[in-house]
file model_3.pdb (PDB, C-alpha atoms)
ATOM      1  CA  MET G   1     -17.183  20.240  56.511
ATOM      2  CA  THR G   2     -17.747  18.526  53.155
ATOM      3  CA  MET G   3     -16.961  21.768  51.292
ATOM      4  CA  LEU G   4     -13.681  22.087  53.206
ATOM      5  CA  ARG G   5     -12.710  18.502  52.284
ATOM      6  CA  MET G   6     -13.542  19.139  48.625
ATOM      7  CA  ALA G   7     -11.470  22.325  48.628
ATOM      8  CA  LEU G   8      -8.512  20.542  50.205
ATOM      9  CA  ALA G   9      -8.768  17.653  47.740
ATOM     10  CA  GLY G  10      -8.822  20.121  44.848
ATOM     11  CA  ALA G  11      -5.751  21.917  46.191
ATOM     12  CA  ILE G  12      -3.861  18.624  46.546
ATOM     13  CA  ILE G  13      -4.765  17.584  42.981
ATOM     14  CA  LEU G  14      -3.648  20.979  41.618
ATOM     15  CA  ALA G  15      -0.372  20.799  43.536
ATOM     16  CA  ALA G  16       0.312  17.258  42.312
ATOM     17  CA  GLY G  17      -0.479  18.207  38.715
ATOM     18  CA  SER G  18       1.726  21.287  38.935
ATOM     19  CA  ALA G  19       4.638  19.259  40.332
ATOM     20  CA  ALA G  20       4.311  16.700  37.524
ATOM     21  CA  ALA G  21       4.176  19.497  34.932
ATOM     22  CA  SER G  22       7.256  21.074  36.494
ATOM     23  CA  GLU G  23       9.273  17.876  36.187
ATOM     24  CA  HIS G  24       8.079  17.355  32.620
ATOM     25  CA  LEU G  25       8.992  20.901  31.508
ATOM     26  CA  VAL G  26      12.693  20.680  32.466
ATOM     27  CA  GLY G  27      14.893  19.807  29.488
ATOM     28  CA  THR G  28      15.299  20.811  25.847
ATOM     29  CA  TRP G  29      12.354  21.266  23.483
ATOM     30  CA  THR G  30      12.812  21.653  19.704
ATOM     31  CA  THR G  31      10.519  22.804  16.921
ATOM     32  CA  ALA G  32       9.659  20.531  14.063
ATOM     33  CA  THR G  33      10.663  22.055  10.737
ATOM     34  CA  SER G  34       7.843  23.698   8.791
ATOM     35  CA  ASP G  35       5.937  24.396  11.991
ATOM     36  CA  SER G  36       6.098  28.177  12.564
ATOM     37  CA  ARG G  37       2.819  30.061  12.203
ATOM     38  CA  GLY G  38       2.266  33.809  12.334
ATOM     39  CA  ALA G  39       3.602  37.087  10.934
ATOM     40  CA  ARG G  40       6.655  39.364  11.240
ATOM     41  CA  ALA G  41       7.358  42.941  10.238
ATOM     42  CA  GLY G  42      10.780  44.622  10.206
ATOM     43  CA  GLU G  43      14.254  43.169  10.686
ATOM     44  CA  SER G  44      14.649  40.233  13.069
ATOM     45  CA  GLY G  45      17.405  40.352  15.692
ATOM     46  CA  HIS G  46      17.850  36.623  15.083
ATOM     47  CA  GLY G  47      19.123  37.159  11.549
ATOM     48  CA  LEU G  48      16.039  35.584  10.004
ATOM     49  CA  GLY G  49      15.308  38.163   7.329
ATOM     50  CA  SER G  50      13.521  41.460   7.101
ATOM     51  CA  GLY G  51      10.361  42.969   5.703
ATOM     52  CA  ASP G  52       6.769  41.902   6.127
ATOM     53  CA  THR G  53       6.521  38.106   6.118
ATOM     54  CA  PHE G  54       3.992  35.454   6.987
ATOM     55  CA  LEU G  55       5.215  32.325   8.703
ATOM     56  CA  GLY G  56       4.048  28.954   7.586
ATOM     57  CA  GLY G  57       6.197  26.128   6.372
ATOM     58  CA  SER G  58       9.338  27.838   7.665
ATOM     59  CA  GLU G  59      12.539  25.792   7.908
ATOM     60  CA  GLU G  60      13.725  27.700  11.009
ATOM     61  CA  VAL G  61      14.641  25.527  13.986
ATOM     62  CA  TRP G  62      14.058  26.885  17.499
ATOM     63  CA  THR G  63      14.974  25.393  20.858
ATOM     64  CA  PHE G  64      13.601  26.137  24.316
ATOM     65  CA  THR G  65      15.722  24.797  27.176
ATOM     66  CA  VAL G  66      14.456  24.869  30.760
ATOM     67  CA  ASP G  67      17.513  24.396  32.940
ATOM     68  CA  GLY G  68      16.316  25.286  36.423
ATOM     69  CA  MET G  69      13.033  25.231  38.337
ATOM     70  CA  GLU G  70      11.853  25.982  41.824
ATOM     71  CA  GLY G  71       8.165  25.465  42.494
ATOM     72  CA  SER G  72       6.384  26.702  39.393
ATOM     73  CA  GLY G  73       9.059  29.275  38.429
ATOM     74  CA  PHE G  74      11.821  28.479  35.953
ATOM     75  CA  HIS G  75      14.827  29.824  34.066
ATOM     76  CA  ALA G  76      15.197  29.005  30.377
ATOM     77  CA  GLU G  77      16.897  29.865  27.121
ATOM     78  CA  TRP G  78      15.141  30.484  23.754
ATOM     79  CA  CYS G  79      17.413  29.962  20.738
ATOM     80  CA  SER G  80      17.190  30.369  16.999
ATOM     81  CA  GLU G  81      19.941  28.872  14.862
ATOM     82  CA  ASN G  82      21.826  32.190  15.263
ATOM     83  CA  VAL G  83      21.059  33.747  18.683
ATOM     84  CA  CYS G  84      20.040  32.653  22.205
ATOM     85  CA  GLU G  85      18.138  34.771  24.733
ATOM     86  CA  ASP G  86      17.747  34.184  28.467
ATOM     87  CA  ALA G  87      14.171  33.833  29.699
ATOM     88  CA  VAL G  88      12.209  33.391  32.923
ATOM     89  CA  GLY G  89       8.784  31.850  33.295
ATOM     90  CA  VAL G  90       6.077  30.347  35.428
ATOM     91  CA  ILE G  91       3.659  27.428  35.106
ATOM     92  CA  ARG G  92       0.159  28.643  35.939
ATOM     93  CA  ALA G  93      -2.025  26.922  38.547
ATOM     94  CA  ASP G  94      -3.743  24.720  35.932
ATOM     95  CA  GLY G  95      -0.403  22.921  35.371
ATOM     96  CA  GLU G  96      -0.653  23.357  31.580
ATOM     97  CA  SER G  97      -0.449  27.082  30.837
ATOM     98  CA  ILE G  98       2.926  28.808  30.965
ATOM     99  CA  LEU G  99       4.018  32.440  30.762
ATOM    100  CA  VAL G 100       7.567  33.395  29.738
ATOM    101  CA  ALA G 101       9.467  36.666  29.325
ATOM    102  CA  ASP G 102      12.723  36.893  27.384
ATOM    103  CA  GLU G 103      14.877  39.957  26.716
ATOM    104  CA  ASP G 104      12.378  41.712  24.461
ATOM    105  CA  GLY G 105       9.061  39.886  24.344
ATOM    106  CA  ILE G 106       6.640  37.468  25.986
ATOM    107  CA  PHE G 107       5.507  33.898  25.339
ATOM    108  CA  ILE G 108       2.162  32.351  26.148
ATOM    109  CA  GLY G 109       2.320  28.575  26.094
ATOM    110  CA  THR G 110       0.512  25.307  26.656
ATOM    111  CA  LEU G 111       2.267  22.199  27.957
ATOM    112  CA  GLY G 112       0.919  18.884  26.673
ATOM    113  CA  GLU G 113       2.028  15.321  27.260
ATOM    114  CA  ASP G 114       4.429  15.267  24.320
ATOM    115  CA  THR G 115       4.351  18.849  23.038
ATOM    116  CA  LEU G 116       4.847  22.422  24.121
ATOM    117  CA  GLU G 117       3.131  25.155  22.131
ATOM    118  CA  LEU G 118       4.832  28.526  22.546
ATOM    119  CA  CYS G 119       3.331  31.671  21.061
ATOM    120  CA  TYR G 120       5.622  34.704  21.029
ATOM    121  CA  LEU G 121       4.694  38.398  20.983
ATOM    122  CA  GLU G 122       7.155  41.236  20.503
ATOM    123  CA  PRO G 123       5.893  44.777  19.862
ATOM    124  CA  GLY G 124       8.151  47.530  18.525
ATOM    125  CA  ALA G 125       8.634  50.309  16.009
ATOM    126  CA  GLU G 126      11.483  48.583  14.123
ATOM    127  CA  PHE G 127      10.382  44.960  14.506
ATOM    128  CA  ARG G 128       7.154  43.186  15.456
ATOM    129  CA  VAL G 129       6.247  39.517  15.607
ATOM    130  CA  ALA G 130       3.315  37.323  16.574
ATOM    131  CA  ASP G 131       4.051  33.649  16.014
ATOM    132  CA  CYS G 132       3.463  30.185  17.421
ATOM    133  CA  HIS G 133       5.630  27.082  17.434
ATOM    134  CA  THR G 134       4.911  23.513  18.492
ATOM    135  CA  LEU G 135       7.944  21.938  20.150
ATOM    136  CA  SER G 136       8.746  18.341  21.118
ATOM    137  CA  LYS G 137      10.960  17.319  24.000
ATOM    138  CA  GLU G 138      14.338  15.843  23.048
TER     139      GLU G 138
END

call {"tool": "encode", "arguments": {"input": "model_3.pdb", "output": "structure tokens"}}
result
Amino acid sequence: MTMLRMALAGAIILAAGSAAASEHLVGTWTTATSDSRGARAGESGHGLGSGDTFLGGSEEVWTFTVDGMEGSGFHAEWCSENVCEDAVGVIRADGESILVADEDGIFIGTLGEDTLELCYLEPGAEFRVADCHTLSKE
């Protein structure tokens, strides 16, 4: 009986943490300038240059807006200064990890109290990117 009570208590704590994370995620998140980290190859569909580049100290500004949630699932928009892409995502059971898919790639993220780290992966023959951004909620 004690094991059952512990399991139920754990489930309640996870559900409460997930609900709090859900409420916290809704809204607009923006990168700090000079925060991008990673590498790109090819020509970006966001009009951010071409060729093989390393990211670090970039002045690009990105926004991630979560405009609708139900349970742990959400709809969002990922925008550079030039282009926006629709995205869908989910908060994982730990209440901190998130997974997102946009039109041509995936994000793996971590939700903190005041920050959201989003790492983006896009494979392809003409363009490839692996980068991370730390965003703050507006």

call {"tool": "resolve_selection", "arguments": {"input": "model_3.pdb", "expression": "the PyMOL selection byres ((chain G and resi 69-82) around 9)", "output": "PDB file with C-alpha atoms, keeping the file's coordinate frame"}}
result
ATOM      1  CA  SER G  18       1.726  21.287  38.935  1.00  0.00           C
ATOM      2  CA  ALA G  19       4.638  19.259  40.332  1.00  0.00           C
ATOM      3  CA  ALA G  21       4.176  19.497  34.932  1.00  0.00           C
ATOM      4  CA  SER G  22       7.256  21.074  36.494  1.00  0.00           C
ATOM      5  CA  GLU G  23       9.273  17.876  36.187  1.00  0.00           C
ATOM      6  CA  VAL G  26      12.693  20.680  32.466  1.00  0.00           C
ATOM      7  CA  HIS G  46      17.850  36.623  15.083  1.00  0.00           C
ATOM      8  CA  GLY G  47      19.123  37.159  11.549  1.00  0.00           C
ATOM      9  CA  LEU G  48      16.039  35.584  10.004  1.00  0.00           C
ATOM     10  CA  GLU G  60      13.725  27.700  11.009  1.00  0.00           C
ATOM     11  CA  VAL G  61      14.641  25.527  13.986  1.00  0.00           C
ATOM     12  CA  TRP G  62      14.058  26.885  17.499  1.00  0.00           C
ATOM     13  CA  THR G  63      14.974  25.393  20.858  1.00  0.00           C
ATOM     14  CA  PHE G  64      13.601  26.137  24.316  1.00  0.00           C
ATOM     15  CA  THR G  65      15.722  24.797  27.176  1.00  0.00           C
ATOM     16  CA  VAL G  66      14.456  24.869  30.760  1.00  0.00           C
ATOM     17  CA  ASP G  67      17.513  24.396  32.940  1.00  0.00           C
ATOM     18  CA  GLY G  68      16.316  25.286  36.423  1.00  0.00           C
ATOM     19  CA  VAL G  83      21.059  33.747  18.683  1.00  0.00           C
ATOM     20  CA  CYS G  84      20.040  32.653  22.205  1.00  0.00           C
ATOM     21  CA  GLU G  85      18.138  34.771  24.733  1.00  0.00           C
ATOM     22  CA  ASP G  86      17.747  34.184  28.467  1.00  0.00           C
ATOM     23  CA  ALA G  87      14.171  33.833  29.699  1.00  0.00           C
ATOM     24  CA  VAL G  88      12.209  33.391  32.923  1.00  0.00           C
ATOM     25  CA  GLY G  89       8.784  31.850  33.295  1.00  0.00           C
ATOM     26  CA  VAL G  90       6.077  30.347  35.428  1.00  0.00           C
ATOM     27  CA  ILE G  91       3.659  27.428  35.106  1.00  0.00           C
ATOM     28  CA  ARG G  92       0.159  28.643  35.939  1.00  0.00           C
ATOM     29  CA  ALA G  93      -2.025  26.922  38.547  1.00  0.00           C
ATOM     30  CA  GLY G  95      -0.403  22.921  35.371  1.00  0.00           C
ATOM     31  CA  VAL G 100       7.567  33.395  29.738  1.00  0.00           C
ATOM     32  CA  ASP G 102      12.723  36.893  27.384  1.00  0.00           C
TER      33      ASP G 102
END

call {"tool": "residues_around", "arguments": {"input": "model_3.pdb", "residues": "Thr31 (chain G)", "least_positions_apart": "4", "cutoff": "10 Å", "atoms": "only C-alpha atoms", "output": "list in words"}}
result
Asp35, Ser36, Glu59, Glu60, Val61, Trp62, Thr63, Phe64, Thr115, Leu116, Glu117, Leu118, His133, Thr134, Leu135, Ser136 and Lys137 of chain G

call {"tool": "residues_around", "arguments": {"input": "model_3.pdb", "residues": "Glu122 (chain G)", "least_positions_apart": "5", "cutoff": "12 Å", "atoms": "all atoms listed in the file", "output": "list in words"}}
result
Ala39, Arg40, Ala41, Gly42, Ser44, Gly45, Ala101, Asp102, Glu103, Asp104, Gly105, Ile106, Phe107, Ile108, Phe127, Arg128, Val129, Ala130 and Asp131 of chain G

call {"tool": "atom_distance", "arguments": {"input": "model_3.pdb", "atom1": "CA of Asp52 (chain G)", "atom2": "CA of Glu126 (chain G)"}}
result
11.4 Å

call {"tool": "atom_distance", "arguments": {"input": "model_3.pdb", "atom1": "CA of Glu96 (chain G)", "atom2": "CA of Leu111 (chain G)"}}
result
4.8 Å

call {"tool": "atom_distance", "arguments": {"input": "model_3.pdb", "atom1": "CA of Cys119 (chain G)", "atom2": "CA of Ser97 (chain G)"}}
result
11.4 Å

call {"tool": "axis_aligned_box", "arguments": {"input": "model_3.pdb", "around": "region 66-69 of chain G", "padding_each_side": "8 Å", "output": "AutoDock Vina command-line options"}}
result
--center_x 15.3 --center_y 24.8 --center_z 34.5 --size_x 20.5 --size_y 16.9 --size_z 23.6
